[in-house]
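Worksheet: the structure to be examined is printed underneath.
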Amino acid sequence: MARIGVFVCWCGSNIAGTVDVKKVAEEVSKLPYVVYSTDYKYMCSDPGQNMIKEAIKEHRLTGVVVSACSPRMHEVTFRRTVQEEGVNPYMMEMANIREHCSWVHDDMEEATEKAIELVRMAVAKAVELEPMEKIEVPVTKRALVIGGGIAGIQAALDIADGGVEVILVEKSPSIGGKMSQLDETFPTLDCSQCILTPKMVDAAQHPNIKIYSYAELEELDGFIGNFQARIRQKARSVDMELCNGCGDCWNKCPQKKIPSEFEAGMSDRAAIYVPFPQAIPNTPVIDRENCIYFQSGKCGVCAKICPTGAISYDQSDEFITEEVGAVVVATGYDLFNTDVIGEYGYGEIPDVISGLQFERLSSASGPTEGKIVRPSDGKKPEEVAFICCVGSRDDKYGRPYCSRICCMYTAKHAILLHHKSHGSQAYVFYIDVRAGGKGYEEFLRRATEEEGAIYMRGRVSRLYRDNGKVVVKGADTLSGAQIELHCDMVVLANGITASPGAEELARKLSISYDEYGFYSEAHPKLRPVETNTAGIYLAGCCQAPKDIPDSVSQASAAASKVLALFSGDFLTREPNIAEVNPFTCTGCFTCREVCPYDAIDEEEVTVHIDGKKVTRTIARVNLGKCQGCGICCAVCRSNAINLKGTKDLQIFRQIKAFTGSEKEKSDEPVGSKK
């Protein structure tokens, strides 16, 4: 016979300020099966937990109901408490009378009555709880990192330094990501390459890191601790083992008029190329879409002059399967396409450029060797306008969110203009300046007070050319004045958008994403680097716009999660998952069609029905993949699937306790034992 103890928490004044907790404890003491009921100011504290332990021993409790805050906060705490006294941890039920009651009511009498009802329902469920044991799953101690930008590199290095092998997959010919294209970084104005290049080299030379560049994830099967990653290694048309990086091939290539992606279209590259001098791996790749040989079957100059015979035109894509136990997604971001904003004239007015193009102009390794000049005539710009929030905080283009970095990199560009183009004047059009990081506000003041940048609050309505100048028409909302500037160059501060192919990759990984294509974390505060698919973690701008420090921090956080996962030979998981009744399952597999975690497999079983052996194909729940969402239970036509810890009988008992339709009886003594 069940013997239930009820413990009602005050939570300081969070609950007691609205709920009469003493009355709750007194009323629930009269319920059937309740042999002990009490209240305490902080039940999660050591004295509160000791109170639970003493009550278990003294009153021989078989189940415990804690009436307190959200289970997300302290369910693990109280489960551990009852387990230490020999009670199965899953014989503990929580009634949330803080978020579900006290915080949403201001009438004490009504809130108290509601709290009593919530506890009554929890007691009814606790009577039907069954002991459960955690699930143990073997773990493959190898991690997959998707994306070779600064976040992916940091995550890979941290995991590898923890003694775990890492598979780093990057879709570009080189690792480095967007950070490799930057000149200096805010707010310290450190050289971007000086920070990034050593990390790239460390990743390439680390004995625990295997890099697949110019590769993409094709498919991911399995579950936490036991994933199978199928990777497409795209054909470089160059044998990486034979190539010595001499450069003869791209220097002699006759096709050299292809806009360089790395230089943001500010200069050209050859059809066979290395993205940038510090690229890792420093092996060229042939752009088959623009290569004369692949388009017409002629040319072949690179193969003729290659001293090591590394050119391999017949090389094809290769598929590689890697066994991994966890995945870190660090696929980065893209920049908003300013072509869609016609009033800014990007692509039509040569002296209207993007923020990334300005970055390459100011870089010593860029097409102008760090000299800031006008693209139209190569002359020094005397007056430059910077326009913030291009593609950010703009409902018109479906981007109402803030990209977080634009205000800061615009301030950096204004400073770089003053440093590298002496005498030039910077004008900045902004909506609201958002400088929330460490040292960011001081950096912004430096741009205005020391470097002389003039900030004007307001949007730009139109750009057009007039007599060799770019006319900028806008408004200053602070003064109410209309503004017309005749500038030599205009720089558009593009906002951040999700990386191309983000949604397709999300489907491969079975993770969720928001309406803008950024990946969704499991919980914004409690699980900020985890996804709803166990074993898959997020790092960097694939989750939301962020700057370099935040990306690196999140990458290290994701790495720590991976190392924690790999700390034992077996993974311990909560047992609150679905289970199939083999006698009633009809094998329709409707459950598999709706399962968001691909956790339903097929299984052949032999059962005895009416004295006969019958072999049937039924559904089987994959213990590693199931996240206990319960969707399969809802759609099962034969009611053959139950969710452990939330079975039908338990729910029915709660409903009947609330409606009063079931008068439970107990042979055990009831009443308060305070």
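Identifiers for the structure tokens are assigned positionally: chains receive A, B, ... in sequence, residues are indexed from 1 per chain, and ligands are indexed from 1 in the order shown.
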So that each row is one residue of region 580-599 of chain A with an atom at most 12 Å from region 491-507 of chain A, can you give its shortest atom pair and the distance in Å to one decimal, using only C-alpha atoms, rows by chain and rising number, as a Markdown table?
```
| residue | atom | partner | partner_atom | distance |
| --- | --- | --- | --- | --- |
| A:Pro596 | CA | A:Arg507 | CA | 9.9 |
| A:Tyr597 | CA | A:Arg507 | CA | 10.4 |
| A:Asp598 | CA | A:Arg507 | CA | 11.0 |
```
Near-region 540-548 of chain A list (9 Å; only C-alpha atoms; drop same-chain fewer than 5 positions) as a PyMOL selection string | chain A and resi 149-152+179+185+329-333+402-405+495-499+502+513+517-521+529+553-555
Write the residues you've just listed into a file as a PDB file, in the first residue's frame, and include C-alpha atoms for each of them.
```pdb
ATOM      1  CA  GLY A 149      35.236  28.888 -38.569  1.00  0.00           C
ATOM      2  CA  ILE A 150      36.542  30.287 -35.300  1.00  0.00           C
ATOM      3  CA  ALA A 151      33.751  28.595 -33.297  1.00  0.00           C
ATOM      4  CA  GLY A 152      34.312  25.207 -34.928  1.00  0.00           C
ATOM      5  CA  MET A 179      37.102  35.687 -39.404  1.00  0.00           C
ATOM      6  CA  THR A 185      38.825  42.946 -34.520  1.00  0.00           C
ATOM      7  CA  VAL A 329      27.273  22.366 -35.157  1.00  0.00           C
ATOM      8  CA  ALA A 330      29.275  25.533 -35.900  1.00  0.00           C
ATOM      9  CA  THR A 331      28.217  26.376 -39.438  1.00  0.00           C
ATOM     10  CA  GLY A 332      28.457  30.139 -38.990  1.00  0.00           C
ATOM     11  CA  TYR A 333      26.512  32.778 -40.860  1.00  0.00           C
ATOM     12  CA  CYS A 402      19.417  42.839 -34.322  1.00  0.00           C
ATOM     13  CA  SER A 403      22.595  41.393 -35.865  1.00  0.00           C
ATOM     14  CA  ARG A 404      24.610  42.546 -32.818  1.00  0.00           C
ATOM     15  CA  ILE A 405      27.918  43.140 -34.639  1.00  0.00           C
ATOM     16  CA  GLY A 495      23.376  42.270 -41.072  1.00  0.00           C
ATOM     17  CA  ILE A 496      23.822  38.595 -40.268  1.00  0.00           C
ATOM     18  CA  THR A 497      21.625  35.915 -41.823  1.00  0.00           C
ATOM     19  CA  ALA A 498      21.608  32.161 -41.400  1.00  0.00           C
ATOM     20  CA  SER A 499      24.191  30.197 -43.337  1.00  0.00           C
ATOM     21  CA  ALA A 502      21.042  25.747 -42.754  1.00  0.00           C
ATOM     22  CA  TYR A 513      15.367  26.082 -36.278  1.00  0.00           C
ATOM     23  CA  GLY A 517      16.982  29.734 -40.226  1.00  0.00           C
ATOM     24  CA  PHE A 518      18.998  29.942 -36.998  1.00  0.00           C
ATOM     25  CA  TYR A 519      19.170  26.733 -34.980  1.00  0.00           C
ATOM     26  CA  SER A 520      17.088  26.570 -31.810  1.00  0.00           C
ATOM     27  CA  GLU A 521      18.642  25.757 -28.462  1.00  0.00           C
ATOM     28  CA  VAL A 529      24.296  25.144 -26.218  1.00  0.00           C
ATOM     29  CA  SER A 553      32.784  31.140 -25.389  1.00  0.00           C
ATOM     30  CA  GLN A 554      29.884  29.111 -26.735  1.00  0.00           C
ATOM     31  CA  ALA A 555      32.287  26.836 -28.609  1.00  0.00           C
TER      32      ALA A 555
END
```
Within region 312-362 of chain A, find each residue whose DSSP state, derived from the backbone, is strand (DSSP E or B), and express the selection as an NGL selection string.
-> :A and (318-324 or 326-329 or 333-335 or 352-354)
The selected residues should be written to file as a compact mmCIF listing (two decimals), in the first residue's frame (atoms: N, CA, C and O atoms).
```
# COMPACT_ATOMS: atom_id res chain seq x y z
N GLU A 318 34.03 11.45 -52.87
CA GLU A 318 34.23 10.25 -52.07
C GLU A 318 33.32 10.32 -50.84
O GLU A 318 33.13 11.39 -50.25
N PHE A 319 32.75 9.19 -50.48
CA PHE A 319 31.88 9.14 -49.30
C PHE A 319 32.58 8.39 -48.18
O PHE A 319 33.06 7.28 -48.36
N ILE A 320 32.63 9.04 -47.02
CA ILE A 320 33.34 8.50 -45.86
C ILE A 320 32.37 8.37 -44.71
O ILE A 320 31.58 9.30 -44.44
N THR A 321 32.41 7.27 -44.01
CA THR A 321 31.56 7.07 -42.84
C THR A 321 32.43 7.10 -41.58
O THR A 321 33.43 6.40 -41.49
N GLU A 322 32.03 7.92 -40.63
CA GLU A 322 32.75 8.05 -39.36
C GLU A 322 31.79 7.77 -38.21
O GLU A 322 30.66 8.25 -38.21
N GLU A 323 32.24 6.98 -37.25
CA GLU A 323 31.46 6.71 -36.04
C GLU A 323 31.80 7.78 -35.00
O GLU A 323 32.97 7.96 -34.64
N VAL A 324 30.79 8.49 -34.53
CA VAL A 324 31.01 9.55 -33.54
C VAL A 324 29.96 9.43 -32.44
O VAL A 324 28.89 8.84 -32.63
N ALA A 326 29.13 12.39 -30.47
CA ALA A 326 28.50 13.69 -30.29
C ALA A 326 28.81 14.57 -31.49
O ALA A 326 29.78 14.34 -32.22
N VAL A 327 27.97 15.58 -31.68
CA VAL A 327 28.12 16.48 -32.82
C VAL A 327 28.05 17.92 -32.33
O VAL A 327 27.16 18.27 -31.54
N VAL A 328 28.99 18.74 -32.77
CA VAL A 328 28.94 20.18 -32.52
C VAL A 328 28.70 20.88 -33.85
O VAL A 328 29.46 20.70 -34.81
N VAL A 329 27.62 21.64 -33.93
CA VAL A 329 27.27 22.37 -35.16
C VAL A 329 27.78 23.80 -35.03
O VAL A 329 27.38 24.54 -34.13
N TYR A 333 27.55 31.87 -40.38
CA TYR A 333 26.51 32.78 -40.86
C TYR A 333 26.82 33.23 -42.27
O TYR A 333 27.89 32.96 -42.82
N ASP A 334 25.88 33.97 -42.84
CA ASP A 334 26.10 34.65 -44.11
C ASP A 334 25.75 36.12 -43.88
O ASP A 334 25.20 36.48 -42.84
N LEU A 335 26.05 36.96 -44.85
CA LEU A 335 25.72 38.38 -44.75
C LEU A 335 24.51 38.69 -45.62
O LEU A 335 24.32 38.10 -46.69
N VAL A 352 29.50 52.16 -53.85
CA VAL A 352 28.68 51.66 -52.73
C VAL A 352 29.10 50.21 -52.50
O VAL A 352 28.91 49.35 -53.35
N ILE A 353 29.73 49.96 -51.36
CA ILE A 353 30.29 48.64 -51.07
C ILE A 353 29.73 48.10 -49.76
O ILE A 353 29.13 48.82 -48.97
N SER A 354 29.95 46.81 -49.55
CA SER A 354 29.50 46.18 -48.31
C SER A 354 30.55 46.32 -47.22
O SER A 354 31.71 46.67 -47.49
```
Restricting the calculation to only C-alpha atoms, which member of A:Ala385, A:Val373, A:Val607, A:Val169 is positioned closest to Leu361 (chain A)?
->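 Of A:Ala385, A:Val373, A:Val607, A:Val169, the one nearest Leu361 (chain A), counting only C-alpha atoms, is A:Val373.
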Neighbours of Phe658 (chain A) within 10 Å (only C-alpha atoms; same-chain residues fewer than 2 positions away dropped), as number ranges by chain?
-> A: 116-122, 124, 652-656, 660-662
Those same residues - C-alpha atoms - I'd like them written as a short mmCIF file (atom, residue, chain, number, x, y, z; two decimals), in the first residue's frame.
```cif
data_model
loop_
_atom_site.label_atom_id
_atom_site.label_comp_id
_atom_site.auth_asym_id
_atom_site.auth_seq_id
_atom_site.Cartn_x
_atom_site.Cartn_y
_atom_site.Cartn_z
CA ILE A 116 -4.41 22.35 -2.87
CA GLU A 117 -5.89 21.01 -6.11
CA LEU A 118 -2.46 20.82 -7.76
CA VAL A 119 -1.04 18.88 -4.82
CA ARG A 120 -4.09 16.59 -4.71
CA MET A 121 -3.49 15.71 -8.37
CA ALA A 122 0.22 15.12 -7.73
CA ALA A 124 -3.03 10.84 -7.08
CA PHE A 652 -6.58 9.41 -15.27
CA ARG A 653 -5.97 9.35 -11.52
CA GLN A 654 -4.93 13.00 -11.67
CA ILE A 655 -8.05 13.96 -13.62
CA LYS A 656 -10.32 12.05 -11.26
CA GLY A 660 -13.63 14.50 -7.46
CA SER A 661 -15.18 11.64 -9.47
CA GLU A 662 -13.14 9.02 -7.66
#
```
Between A:Glu93, A:Asp432, A:Glu348, A:Asp550, which has the minimum distance to Cys389 (chain A) (counting only C-alpha atoms)?
->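 Of all the options, A:Asp432 lies closest to Cys389 (chain A).
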Name the residues in contact with region 221-236 of chain A at a cut-off of 8 Å, using only C-alpha atoms, excluding same-chain residues fewer than 6 positions from it; report them as a PyMOL selection string.
-> chain A and resi 137-141+212-215+284-286+315-326+534-536+571+624-625
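Candidate residues A:Lys508, A:Arg459, A:Lys114, A:His206 were compared for distance to Val24 (chain A), and the nearest is A:Lys114, using only C-alpha atoms.
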Which residue of A:Glu26, A:Glu603, A:Glu442, A:Asp395 approaches Thr586 (chain A) most closely, using only C-alpha atoms = A:Glu603
Name all residues at most 9 Å from His413 (chain A) (count only C-alpha atoms; drop same-chain ones fewer than 6 positions away) and give them as a PDB file with N, CA and C atoms, in the first residue's frame.
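This went into result_34.pdb:
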```
ATOM      1  N   GLY A 355      30.159  46.006 -46.000  1.00  0.00           N
ATOM      2  CA  GLY A 355      31.090  46.062 -44.889  1.00  0.00           C
ATOM      3  C   GLY A 355      32.254  45.106 -45.062  1.00  0.00           C
ATOM      4  N   PHE A 358      34.756  46.552 -47.494  1.00  0.00           N
ATOM      5  CA  PHE A 358      35.590  47.559 -46.843  1.00  0.00           C
ATOM      6  C   PHE A 358      36.667  46.881 -45.996  1.00  0.00           C
ATOM      7  N   GLU A 359      36.285  45.768 -45.375  1.00  0.00           N
ATOM      8  CA  GLU A 359      37.232  45.009 -44.558  1.00  0.00           C
ATOM      9  C   GLU A 359      38.415  44.551 -45.409  1.00  0.00           C
ATOM     10  N   SER A 362      40.770  47.459 -46.342  1.00  0.00           N
ATOM     11  CA  SER A 362      41.626  47.936 -45.256  1.00  0.00           C
ATOM     12  C   SER A 362      42.666  46.914 -44.835  1.00  0.00           C
ATOM     13  N   PHE A 386      28.732  55.685 -43.693  1.00  0.00           N
ATOM     14  CA  PHE A 386      28.498  54.311 -43.238  1.00  0.00           C
ATOM     15  C   PHE A 386      27.032  54.196 -42.835  1.00  0.00           C
ATOM     16  N   ALA A 426      34.346  60.442 -41.626  1.00  0.00           N
ATOM     17  CA  ALA A 426      33.347  59.368 -41.566  1.00  0.00           C
ATOM     18  C   ALA A 426      32.022  59.917 -41.054  1.00  0.00           C
TER      19      ALA A 426
END
```
Cut-off 8 Å: closest region 527-557 of chain A/region 153-157 of chain A atom pairs per residue, using only C-alpha atoms, as a tab-separated table:
```
residue	atom	partner	partner_atom	distance
A:Ala539	CA	A:Ala155	CA	7.8
A:Val552	CA	A:Gln154	CA	6.3
A:Ala555	CA	A:Ala155	CA	4.7
A:Ser556	CA	A:Ala155	CA	5.5
```
Write the residues of the preceding selection, restricted to C-alpha atoms, as a JSON list (two decimals), in the first residue's frame.
```
[["chain", "number", "residue", "atom", "x", "y", "z"],
["A", 539, "ALA", "CA", 28.36, 26.93, -31.21],
["A", 552, "VAL", "CA", 34.42, 31.34, -28.83],
["A", 555, "ALA", "CA", 32.29, 26.84, -28.61],
["A", 556, "SER", "CA", 34.17, 26.08, -25.39]]
```
Pick out each residue of region 8-148 of chain A that DSSP on the backbone tags as alpha helix (DSSP H); I need them as a VMD selection string.
-> chain A and resid 13 to 16 21 to 28 46 to 59 71 to 84 108 to 127
Proximity to Ser192 (chain A) - best of A:Arg360, A:Asp610, A:Cys291, A:Val490, only C-alpha atoms =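 Counting only C-alpha atoms, the residue closest to Ser192 (chain A) is A:Arg360.
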Out of A:Val605, A:Cys191, A:Ala414, A:Val34, which residue has the shortest atom-to-atom distance to Gly587 (chain A) when counting only C-alpha atoms?
->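 Counting only C-alpha atoms, the residue closest to Gly587 (chain A) is A:Val605.
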Determine, counting only C-alpha atoms, which protein, DNA and RNA residues have an atom within 10 Å of an atom of Lys53 (chain A); residues of the same chain fewer than 5 positions away are not included. Present the result as a list in words.
-> Pro47, Gly48, Glu58, Leu61, Thr81, Val82, Gln83, Glu84, Glu85, Gly86 and Val87 of chain A
In Å, how far is it from CA of Gln193 (chain A) to CA of Thr283 (chain A)?
->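 Between CA of Gln193 (chain A) and CA of Thr283 (chain A) the gap works out to 18.8 Å.
Omitting Glu289 (chain A) and its sequence neighbours fewer than 2 positions away, and counting only C-alpha atoms, the residues within 12 Å are Gln255, Ile258, Ala270, Ala271, Ile272, Val285, Ile286, Asp287, Cys291, Ile292, Tyr293, Phe294, Gln295 and Ser296 of chain A.
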